Structures are given as C-alpha cells and as structure tokens.
$ cat coords.txt   # compact mmCIF, C-alpha atoms
# COMPACT_ATOMS: atom_id res chain seq x y z
CA MET A 1 -74.12 435.18 -154.67
CA LEU A 2 -70.47 435.13 -153.60
CA LYS A 3 -69.71 432.26 -155.99
CA HIS A 4 -71.23 434.18 -158.90
CA THR A 5 -69.24 437.30 -158.02
CA CYS A 6 -66.00 435.30 -157.85
CA LYS A 7 -66.78 433.72 -161.19
CA TYR A 8 -67.24 437.10 -162.86
CA LEU A 9 -64.07 438.47 -161.29
CA LEU A 10 -62.14 435.45 -162.56
CA LEU A 11 -63.57 435.93 -166.07
CA LEU A 12 -62.58 439.61 -165.98
CA PHE A 13 -59.07 438.68 -164.90
CA LEU A 14 -58.75 436.20 -167.76
CA ILE A 15 -59.90 438.79 -170.30
CA LEU A 16 -57.53 441.44 -169.00
CA SER A 17 -54.60 439.04 -168.93
CA GLY A 18 -55.31 437.75 -172.45
CA CYS A 19 -56.14 434.24 -171.30
CA SER A 20 -59.12 432.06 -172.10
CA ASP A 21 -61.02 429.57 -170.00
CA ALA A 22 -59.24 426.81 -171.89
CA ASP A 23 -55.89 428.03 -170.53
CA VAL A 24 -56.95 427.26 -166.95
CA ALA A 25 -56.52 423.56 -166.33
CA PRO A 26 -59.19 422.18 -164.00
CA GLN A 27 -57.96 420.23 -160.99
CA GLN A 28 -58.29 416.53 -161.67
CA PRO A 29 -60.24 414.57 -159.06
CA LEU A 30 -58.29 411.99 -157.10
CA THR A 31 -58.74 408.33 -157.87
CA LEU A 32 -59.85 406.23 -154.91
CA GLU A 33 -56.36 404.73 -154.73
CA GLU A 34 -54.78 408.20 -154.63
CA GLU A 35 -57.24 409.24 -151.93
CA GLN A 36 -56.08 406.43 -149.63
CA LEU A 37 -52.41 407.36 -150.06
CA LEU A 38 -52.78 411.14 -149.92
CA LEU A 39 -50.30 411.64 -147.06
CA GLY A 40 -47.51 409.78 -148.84
CA ASN A 41 -45.89 406.33 -149.09
CA PRO A 42 -44.16 405.93 -145.70
CA SER A 43 -41.77 403.12 -146.69
CA GLU A 44 -41.51 403.81 -150.43
CA ALA A 45 -43.25 400.49 -151.04
CA THR A 46 -43.40 399.28 -154.65
CA THR A 47 -45.47 396.82 -156.65
CA SER A 48 -42.39 394.80 -157.62
CA GLU A 49 -42.69 391.19 -156.46
CA SER A 50 -38.99 391.24 -155.64
CA ASN A 51 -39.80 393.81 -152.95
CA TYR A 52 -41.48 391.05 -150.97
CA ASN A 53 -41.23 392.66 -147.53
CA ASN A 54 -42.39 396.09 -148.70
CA PHE A 55 -44.93 395.18 -151.35
CA LEU A 56 -47.39 397.94 -152.30
CA MET A 57 -51.04 396.91 -152.65
CA LEU A 58 -53.41 399.59 -153.97
CA LYS A 59 -57.09 399.05 -153.26
CA PRO A 60 -60.01 401.46 -153.62
CA GLN A 61 -60.77 401.11 -149.90
CA TYR A 62 -57.21 401.36 -148.51
CA THR A 63 -53.56 401.05 -149.47
CA LEU A 64 -50.96 398.94 -147.71
CA SER A 65 -47.36 397.82 -147.62
CA TYR A 66 -47.26 394.04 -147.15
CA SER A 67 -44.50 391.88 -145.73
CA ARG A 68 -44.44 388.35 -147.15
CA ASP A 69 -42.10 387.10 -144.41
CA ARG A 70 -44.15 388.58 -141.56
CA GLY A 71 -47.51 387.60 -143.09
CA THR A 72 -48.93 391.01 -142.12
CA PRO A 73 -49.05 394.56 -143.44
CA ASN A 74 -46.26 396.90 -142.40
CA TRP A 75 -48.68 399.80 -142.59
CA VAL A 76 -52.13 400.59 -144.00
CA SER A 77 -53.36 404.01 -145.13
CA TRP A 78 -56.97 405.15 -145.63
CA HIS A 79 -59.39 408.08 -145.59
CA VAL A 80 -62.45 408.27 -143.33
CA SER A 81 -65.27 410.56 -144.41
CA ARG A 82 -69.05 410.51 -144.50
CA GLU A 83 -68.92 409.23 -148.09
CA TRP A 84 -67.36 405.99 -146.80
CA MET A 85 -69.94 405.44 -144.09
CA GLY A 86 -73.43 404.07 -144.67
CA ASN A 87 -75.68 401.20 -143.69
CA ALA A 88 -73.91 398.16 -145.14
CA ALA A 89 -73.85 395.23 -142.71
CA ARG A 90 -70.63 393.79 -141.33
CA GLN A 91 -69.70 391.02 -143.75
CA ASP A 92 -67.42 388.94 -141.47
CA ASN A 93 -66.00 387.12 -144.50
CA PHE A 94 -62.38 386.78 -143.40
CA ARG A 95 -60.38 385.31 -146.28
CA SER A 96 -57.04 385.16 -148.05
CA ASP A 97 -56.15 388.00 -150.37
CA PRO A 98 -56.18 386.73 -153.98
CA LYS A 99 -54.14 389.76 -155.10
CA LEU A 100 -50.96 388.49 -153.45
CA PRO A 101 -48.35 387.29 -155.98
CA GLU A 102 -48.47 383.69 -157.10
CA GLY A 103 -46.40 381.42 -154.90
CA TRP A 104 -46.55 383.58 -151.76
CA TYR A 105 -48.05 382.06 -148.66
CA ARG A 106 -51.57 383.39 -148.18
CA VAL A 107 -52.73 383.79 -144.59
CA THR A 108 -56.15 382.19 -144.21
CA ALA A 109 -59.25 382.91 -142.16
CA SER A 110 -58.24 380.14 -139.73
CA SER A 111 -54.55 381.06 -139.42
CA TYR A 112 -55.14 382.83 -136.09
CA SER A 113 -57.38 380.08 -134.62
CA GLY A 114 -56.39 379.02 -131.11
CA SER A 115 -53.55 381.54 -130.99
CA GLY A 116 -54.99 383.80 -128.31
CA PHE A 117 -54.82 386.77 -130.68
CA ASP A 118 -57.65 388.51 -132.52
CA ARG A 119 -57.69 388.99 -136.25
CA GLY A 120 -57.12 392.69 -135.75
CA HIS A 121 -58.26 394.97 -138.56
CA ASN A 122 -56.03 397.81 -139.69
CA THR A 123 -58.73 399.55 -141.73
CA PRO A 124 -61.78 398.92 -139.51
CA SER A 125 -64.91 397.29 -140.83
CA ALA A 126 -67.00 400.19 -139.52
CA ASP A 127 -64.95 402.71 -141.52
CA ARG A 128 -66.20 401.11 -144.73
CA THR A 129 -69.98 400.74 -144.61
CA SER A 130 -70.99 402.61 -147.78
CA SER A 131 -71.43 399.27 -149.58
CA GLU A 132 -71.13 395.56 -148.91
CA GLU A 133 -68.18 395.42 -151.32
CA ASP A 134 -66.29 398.09 -149.41
CA ASN A 135 -66.99 396.42 -146.07
CA SER A 136 -66.00 393.03 -147.44
CA ALA A 137 -62.62 394.41 -148.51
CA THR A 138 -61.70 395.07 -144.89
CA PHE A 139 -61.88 391.34 -144.13
CA LEU A 140 -58.99 390.38 -146.39
CA MET A 141 -56.22 388.88 -144.28
CA THR A 142 -53.70 391.33 -145.74
CA ASN A 143 -55.56 393.91 -143.61
CA MET A 144 -55.03 391.92 -140.37
CA ILE A 145 -52.46 391.64 -137.62
CA PRO A 146 -52.41 389.32 -134.57
CA GLN A 147 -53.73 391.70 -131.93
CA ALA A 148 -54.10 391.07 -128.21
CA PRO A 149 -57.85 390.85 -127.50
CA LYS A 150 -57.94 393.59 -124.86
CA ASN A 151 -55.87 395.86 -127.11
CA ASN A 152 -58.18 395.24 -130.06
CA GLN A 153 -61.51 395.27 -128.27
CA GLU A 154 -60.89 398.12 -125.82
CA ALA A 155 -58.11 400.66 -126.44
CA TRP A 156 -58.09 400.26 -130.21
CA ALA A 157 -61.87 400.02 -130.54
CA ASN A 158 -62.23 403.21 -128.52
CA LEU A 159 -59.83 405.05 -130.83
CA GLU A 160 -61.70 403.77 -133.89
CA ASP A 161 -65.01 404.90 -132.41
CA TYR A 162 -63.54 408.32 -131.66
CA THR A 163 -62.36 408.65 -135.26
CA ARG A 164 -65.87 408.01 -136.57
CA ASP A 165 -67.32 410.39 -133.97
CA LEU A 166 -65.09 413.11 -135.42
CA VAL A 167 -66.47 412.38 -138.88
CA GLN A 168 -70.04 412.54 -137.63
CA ASP A 169 -69.18 415.93 -136.11
CA GLY A 170 -68.19 417.34 -139.50
CA MET A 171 -64.56 416.29 -139.80
CA GLU A 172 -62.71 413.97 -142.15
CA VAL A 173 -59.67 411.98 -141.08
CA TYR A 174 -56.66 410.58 -142.91
CA VAL A 175 -55.24 407.58 -141.09
CA VAL A 176 -52.03 405.58 -141.30
CA MET A 177 -51.70 402.55 -139.05
CA GLY A 178 -48.95 399.99 -138.65
CA SER A 179 -47.12 397.63 -136.35
CA TYR A 180 -43.52 396.71 -135.65
CA GLY A 181 -41.33 394.53 -133.48
CA GLU A 182 -41.81 390.87 -132.66
CA GLY A 183 -43.62 389.30 -129.73
CA GLY A 184 -46.93 390.15 -128.07
CA THR A 185 -49.06 388.79 -125.26
CA GLY A 186 -52.53 387.49 -126.01
CA SER A 187 -55.08 385.55 -124.00
CA ASN A 188 -52.91 382.40 -124.17
CA GLY A 189 -49.71 384.14 -123.11
CA SER A 190 -46.77 385.48 -125.08
CA ALA A 191 -45.87 384.48 -128.63
CA ARG A 192 -43.50 385.72 -131.30
CA THR A 193 -45.26 384.00 -134.20
CA ILE A 194 -48.43 382.05 -134.95
CA ASP A 195 -49.62 379.84 -137.83
CA GLN A 196 -46.56 377.56 -137.59
CA GLY A 197 -44.21 380.52 -137.72
CA ARG A 198 -45.71 382.03 -140.85
CA VAL A 199 -47.31 385.08 -139.17
CA THR A 200 -45.30 387.42 -136.93
CA VAL A 201 -46.93 388.81 -133.79
CA PRO A 202 -45.97 392.49 -133.49
CA SER A 203 -44.84 393.96 -130.19
CA ARG A 204 -46.19 397.46 -130.87
CA ILE A 205 -49.15 398.89 -132.80
CA TRP A 206 -49.26 402.54 -133.88
CA LYS A 207 -51.60 404.93 -135.62
CA VAL A 208 -51.44 408.49 -136.96
CA LEU A 209 -54.57 410.54 -137.65
CA VAL A 210 -54.70 413.86 -139.51
CA VAL A 211 -57.99 415.63 -138.73
CA LEU A 212 -59.57 418.20 -141.06
CA GLN A 213 -62.87 419.98 -141.39
CA GLN A 214 -64.84 418.51 -144.29
CA GLY A 215 -63.89 420.22 -147.53
CA ASP A 216 -61.97 419.96 -150.79
CA ASP A 217 -58.27 420.04 -151.73
CA ASP A 218 -57.44 418.23 -148.51
CA LEU A 219 -53.67 418.15 -148.84
CA GLN A 220 -53.53 421.90 -149.39
CA ARG A 221 -55.71 422.50 -146.32
CA ILE A 222 -53.27 420.89 -143.87
CA THR A 223 -51.64 423.72 -141.92
CA PHE A 224 -49.49 424.27 -138.83
CA ASP A 225 -52.73 424.30 -136.81
CA THR A 226 -54.04 420.95 -138.09
CA ARG A 227 -54.67 418.39 -135.39
CA VAL A 228 -52.44 415.32 -135.70
CA ILE A 229 -52.94 412.41 -133.29
CA ALA A 230 -50.22 409.78 -132.93
CA VAL A 231 -50.45 406.73 -130.66
CA ASP A 232 -48.12 403.80 -130.02
CA VAL A 233 -49.56 400.95 -127.94
CA PRO A 234 -47.96 397.70 -126.69
CA ASN A 235 -49.56 394.58 -128.14
CA THR A 236 -50.47 393.05 -124.81
CA ASN A 237 -53.61 392.00 -122.97
CA THR A 238 -52.90 394.38 -120.08
CA VAL A 239 -53.18 397.70 -121.96
CA ARG A 240 -55.40 400.45 -120.58
CA SER A 241 -58.66 401.14 -122.39
CA ASP A 242 -57.80 404.86 -122.49
CA TRP A 243 -56.05 405.28 -125.84
CA GLY A 244 -55.21 408.89 -125.00
CA SER A 245 -52.62 407.76 -122.47
CA TYR A 246 -50.58 406.22 -125.32
CA ARG A 247 -50.23 409.42 -127.33
CA THR A 248 -46.79 410.19 -128.71
CA THR A 249 -45.24 412.10 -131.61
CA VAL A 250 -45.04 411.15 -135.25
CA ASP A 251 -41.28 411.68 -134.93
CA ALA A 252 -41.13 408.94 -132.27
CA ILE A 253 -43.01 406.49 -134.49
CA GLU A 254 -40.72 407.33 -137.40
CA SER A 255 -37.70 406.70 -135.20
CA ALA A 256 -39.07 403.30 -134.15
CA THR A 257 -40.07 402.17 -137.65
CA GLY A 258 -37.73 403.94 -140.05
CA TYR A 259 -40.73 405.26 -142.01
CA ASP A 260 -41.23 408.76 -143.40
CA LEU A 261 -44.79 409.60 -142.41
CA LEU A 262 -46.71 412.59 -143.83
CA SER A 263 -44.07 412.73 -146.57
CA ALA A 264 -46.47 414.44 -149.01
CA LEU A 265 -46.36 417.60 -146.87
CA PRO A 266 -43.75 420.39 -147.15
CA ALA A 267 -40.69 419.74 -144.98
CA GLN A 268 -41.27 422.67 -142.62
CA LEU A 269 -44.89 421.67 -142.06
CA GLN A 270 -43.84 418.07 -141.41
CA GLN A 271 -41.28 419.21 -138.86
CA VAL A 272 -43.84 421.12 -136.81
CA LEU A 273 -46.71 418.62 -137.00
CA GLU A 274 -44.54 415.55 -136.41
CA GLY A 275 -42.82 416.93 -133.33
CA ARG A 276 -46.02 417.74 -131.45
CA THR A 277 -47.90 415.44 -129.05
CA ASP A 278 -51.66 415.82 -129.28
CA THR A 279 -53.43 417.21 -126.21
CA GLY A 280 -56.93 417.39 -127.64
CA PRO A 281 -60.07 415.65 -126.37
CA VAL A 282 -60.29 411.86 -126.41
CA LYS A 283 -64.09 411.51 -126.31
$ encode --input "coords.txt" --output "structure tokens"
Amino acid sequence: MLKHTCKYLLLLFLILSGCSDADVAPQQPLTLEEEQLLLGNPSEATTSESNYNNFLMLKPQYTLSYSRDRGTPNWVSWHVSREWMGNAARQDNFRSDPKLPEGWYRVTASSYSGSGFDRGHNTPSADRTSSEEDNSATFLMTNMIPQAPKNNQEAWANLEDYTRDLVQDGMEVYVVMGSYGEGGTGSNGSARTIDQGRVTVPSRIWKVLVVLQQGDDDLQRITFDTRVIAVDVPNTNTVRSDWGSYRTTVDAIESATGYDLLSALPAQLQQVLEGRTDTGPVK
C-alpha cells in the first residue's frame, strides 16, 4: 500500500512541476564488474599492459590488480551476498589465468608445490557457489597468494566463515583483500619467493569488509554508522586463530600499502570510517 501511495505522490509531483515520466531517468543496474569494484580502485590500476605491476583484471566474480613481477594480485575486490551463494560444488581446478597478457609468466597449479605455503585464495571458493562457473573462477592462480598454512586454514578461514555468517543473517558485505611486503614463514620455514623466484611470498595479508543490511543502492547506503572491519595479519605459521585480535584501521592499511581504500565514498565519510577500529562481534 505504501509503495502505491508513493507512486501516486510522485506522479502528482511530476504533473505539478510540468515534468513527465520520461524526464526521470531510471537508475541503471550495475554490471557484475562494477559490482565487484563498487568501493573504488585502491591503486588506480589500469588495463594497460605497460602497467605490469598494477594491471587491472575485471571479472564477473571479482576484480583485481595484478603484479607481473610478484606473480600475485596486489589486491582483490568482491561482493558477498546471498545471490552469490548456492549449492555448486568446490571445483578445485587450480590453473593459470589465460587472461594474462601474452608473454607474461603464468603461475601454474603446481607452482606452489613443495614450498610449504598454501595456494591461498583471495576471493574464497565458498563465496562463489551460485554456479560451477563462478566457483571455478576462484581457482585461477591470479586469485592466489602463497599463504602460511595455519594463517590460511585457521585465522583466515575463520574470518571467511564469519563473513558468510553475516550474509546468512541478512547482511551483504563488500570486501577488499590484499598482501604486501616480502617474506613469510610456512611449514618448511621462511622464504621470500617460491617457484624459482617467480612468485613473491608476502609478509602481511590484509582485508577490509564493509557490512550492510541487504538492500539496494549500496554505495548510497554507507553511512557514518556502517560497520567496517579491517584486519592485517602476519603471513606466518604461528598466527592466532582469533582473527579479531588482528583488527586495525583502514588508515593503517593505507599507510602500509600506499592504497586509497574506500575511494568511492565522500571524503568526510572516508575519514571517519577509515580511522575507526572495529569492536563488533567476531562470531
């Protein structure tokens, strides 16, 4: 009833103001690629092949900035909502990304073998279960970093599970994840690179989550009260399983990486949200 009333009031306003329905431009739906990059392009990555250490790759399932010299993404951005979650099985088809420019080294499914580091997803497999195609996309090696097993399987897995729990509870979450530095400690000890020096092992792994109630016009619904979770975790095999103990500010991550996170938001809103450390629940 309320929707009908609003519709009639809008029609009356248009008549009184001399406008027609045709004068009101409908809001265009986001493309899937736009959806994944809603919060902004943190490093101003581009699709120019000459920008080989900040190369923008737009996919329906997630967007990333890739570093040819590191052999890993700098950051990956994606949206988690109920529409992306279904019953598709985990595909486990790790493989090189055919979308990398011709002539670039392509990290393979076996590049991490024997290294003591997991093939650590940025966009998790379980965040993309609406179809086999979507799940399969998460196994491209451009979505992977060398991640210490305990980091990947405990602290990080717990944070990923918590994200999906939020979605099941009626929320939707915009996520940006990345890594920086050089040198981590896996199950075989410390290493700065793997795959004969072609893949850099990061020293730190970070993630930023913007949490909203399910709804429309997501960017416009982010306010000073929106929950923003930022974590920065050492890439070692001695990390605690409690991801909440690694919470920090978006400002601190920006200082460490040089990125401009949440850049699609108004400056004043960024300032408030990025300077705050989350104190919300972790389970």
$ residues_around --input "coords.txt" --residues "Pro73 of chain A" --least-positions-apart "3" --cutoff "12 Å" --atoms "all atoms listed in the file" --output "ChimeraX atom specification"
/A:43,45,52-57,62-70,76-77,97,100,107,120-123,140-146,176-180,199-202,205
$ atom_distance --input "coords.txt" --atom1 "atom CA of Asp217 of chain A" --atom2 "atom CA of Gln28 of chain A"
10.5 Å
$ residues_around --input "coords.txt" --residues "segment 263-270 of chain A" --least-positions-apart "4" --cutoff "12 Å" --atoms "all atoms listed in the file" --output "tab-separated table (two decimals) with C-alpha atoms, in the coordinates of the input"
chain	number	residue	atom	x	y	z
A	34	GLU	CA	-54.78	408.20	-154.63
A	37	LEU	CA	-52.41	407.36	-150.06
A	38	LEU	CA	-52.78	411.14	-149.92
A	39	LEU	CA	-50.30	411.64	-147.06
A	40	GLY	CA	-47.51	409.78	-148.84
A	41	ASN	CA	-45.89	406.33	-149.09
A	42	PRO	CA	-44.16	405.93	-145.70
A	43	SER	CA	-41.77	403.12	-146.69
A	44	GLU	CA	-41.51	403.81	-150.43
A	176	VAL	CA	-52.03	405.58	-141.30
A	210	VAL	CA	-54.70	413.86	-139.51
A	218	ASP	CA	-57.44	418.23	-148.51
A	219	LEU	CA	-53.67	418.15	-148.84
A	220	GLN	CA	-53.53	421.90	-149.39
A	221	ARG	CA	-55.71	422.50	-146.32
A	222	ILE	CA	-53.27	420.89	-143.87
A	223	THR	CA	-51.64	423.72	-141.92
A	224	PHE	CA	-49.49	424.27	-138.83
A	225	ASP	CA	-52.73	424.30	-136.81
A	226	THR	CA	-54.04	420.95	-138.09
A	228	VAL	CA	-52.44	415.32	-135.70
A	249	THR	CA	-45.24	412.10	-131.61
A	250	VAL	CA	-45.04	411.15	-135.25
A	251	ASP	CA	-41.28	411.68	-134.93
A	254	GLU	CA	-40.72	407.33	-137.40
A	259	TYR	CA	-40.73	405.26	-142.01
A	274	GLU	CA	-44.54	415.55	-136.41
A	275	GLY	CA	-42.82	416.93	-133.33
A	276	ARG	CA	-46.02	417.74	-131.45
$ residues_around --input "coords.txt" --residues "Thr238 of chain A" --least-positions-apart "2" --cutoff "8 Å" --atoms "only C-alpha atoms" --output "mmCIF file with C-alpha atoms, keeping the file's coordinate frame"
data_model
loop_
_atom_site.group_PDB
_atom_site.id
_atom_site.type_symbol
_atom_site.label_atom_id
_atom_site.label_comp_id
_atom_site.auth_asym_id
_atom_site.auth_seq_id
_atom_site.Cartn_x
_atom_site.Cartn_y
_atom_site.Cartn_z
ATOM 1 C CA LYS A 150 -57.940 393.590 -124.860
ATOM 2 C CA ASN A 151 -55.870 395.860 -127.110
ATOM 3 C CA THR A 236 -50.470 393.050 -124.810
ATOM 4 C CA ARG A 240 -55.400 400.450 -120.580
#
$ closest_residue --input "coords.txt" --among "A:Ala137, A:Ala256, A:Ala126, A:Val173" --to "Arg204 of chain A" --atoms "only C-alpha atoms"
A:Ala256
$ residues_around --input "coords.txt" --residues "Arg90 of chain A" --least-positions-apart "6" --cutoff "12 Å" --atoms "all atoms listed in the file" --output "list in words"
Pro124, Ser125, Ala126, Asp127, Arg128, Thr129, Ser130, Ser131, Glu132, Glu133, Asp134, Asn135, Ser136, Ala137, Thr138 and Phe139 of chain A
$ closest_residue --input "coords.txt" --among "A:Phe117, A:Thr257, A:Gln271, A:Pro29" --to "Arg192 of chain A" --atoms "all atoms listed in the file"
A:Phe117
$ atom_distance --input "coords.txt" --atom1 "atom CA of Gly114 of chain A" --atom2 "atom CA of Phe94 of chain A"
15.7 Å
$ residues_around --input "coords.txt" --residues "segment 152-155 of chain A" --least-positions-apart "3" --cutoff "8 Å" --atoms "only C-alpha atoms" --output "PyMOL selection string"
chain A and resi 118+120+147-149+158-159+239-243
$ write_last_selection --input "coords.txt" --atoms "C-alpha atoms" --output "PDB file, keeping the file's coordinate frame"
ATOM      1  CA  ASP A 118     -57.650 388.510-132.520  1.00  0.00           C
ATOM      2  CA  GLY A 120     -57.120 392.690-135.750  1.00  0.00           C
ATOM      3  CA  GLN A 147     -53.730 391.700-131.930  1.00  0.00           C
ATOM      4  CA  ALA A 148     -54.100 391.070-128.210  1.00  0.00           C
ATOM      5  CA  PRO A 149     -57.850 390.850-127.500  1.00  0.00           C
ATOM      6  CA  ASN A 158     -62.230 403.210-128.520  1.00  0.00           C
ATOM      7  CA  LEU A 159     -59.830 405.050-130.830  1.00  0.00           C
ATOM      8  CA  VAL A 239     -53.180 397.700-121.960  1.00  0.00           C
ATOM      9  CA  ARG A 240     -55.400 400.450-120.580  1.00  0.00           C
ATOM     10  CA  SER A 241     -58.660 401.140-122.390  1.00  0.00           C
ATOM     11  CA  ASP A 242     -57.800 404.860-122.490  1.00  0.00           C
ATOM     12  CA  TRP A 243     -56.050 405.280-125.840  1.00  0.00           C
TER      13      TRP A 243
END
$ atom_distance --input "coords.txt" --atom1 "atom CA of Leu212 of chain A" --atom2 "atom CA of Val167 of chain A"
9.3 Å
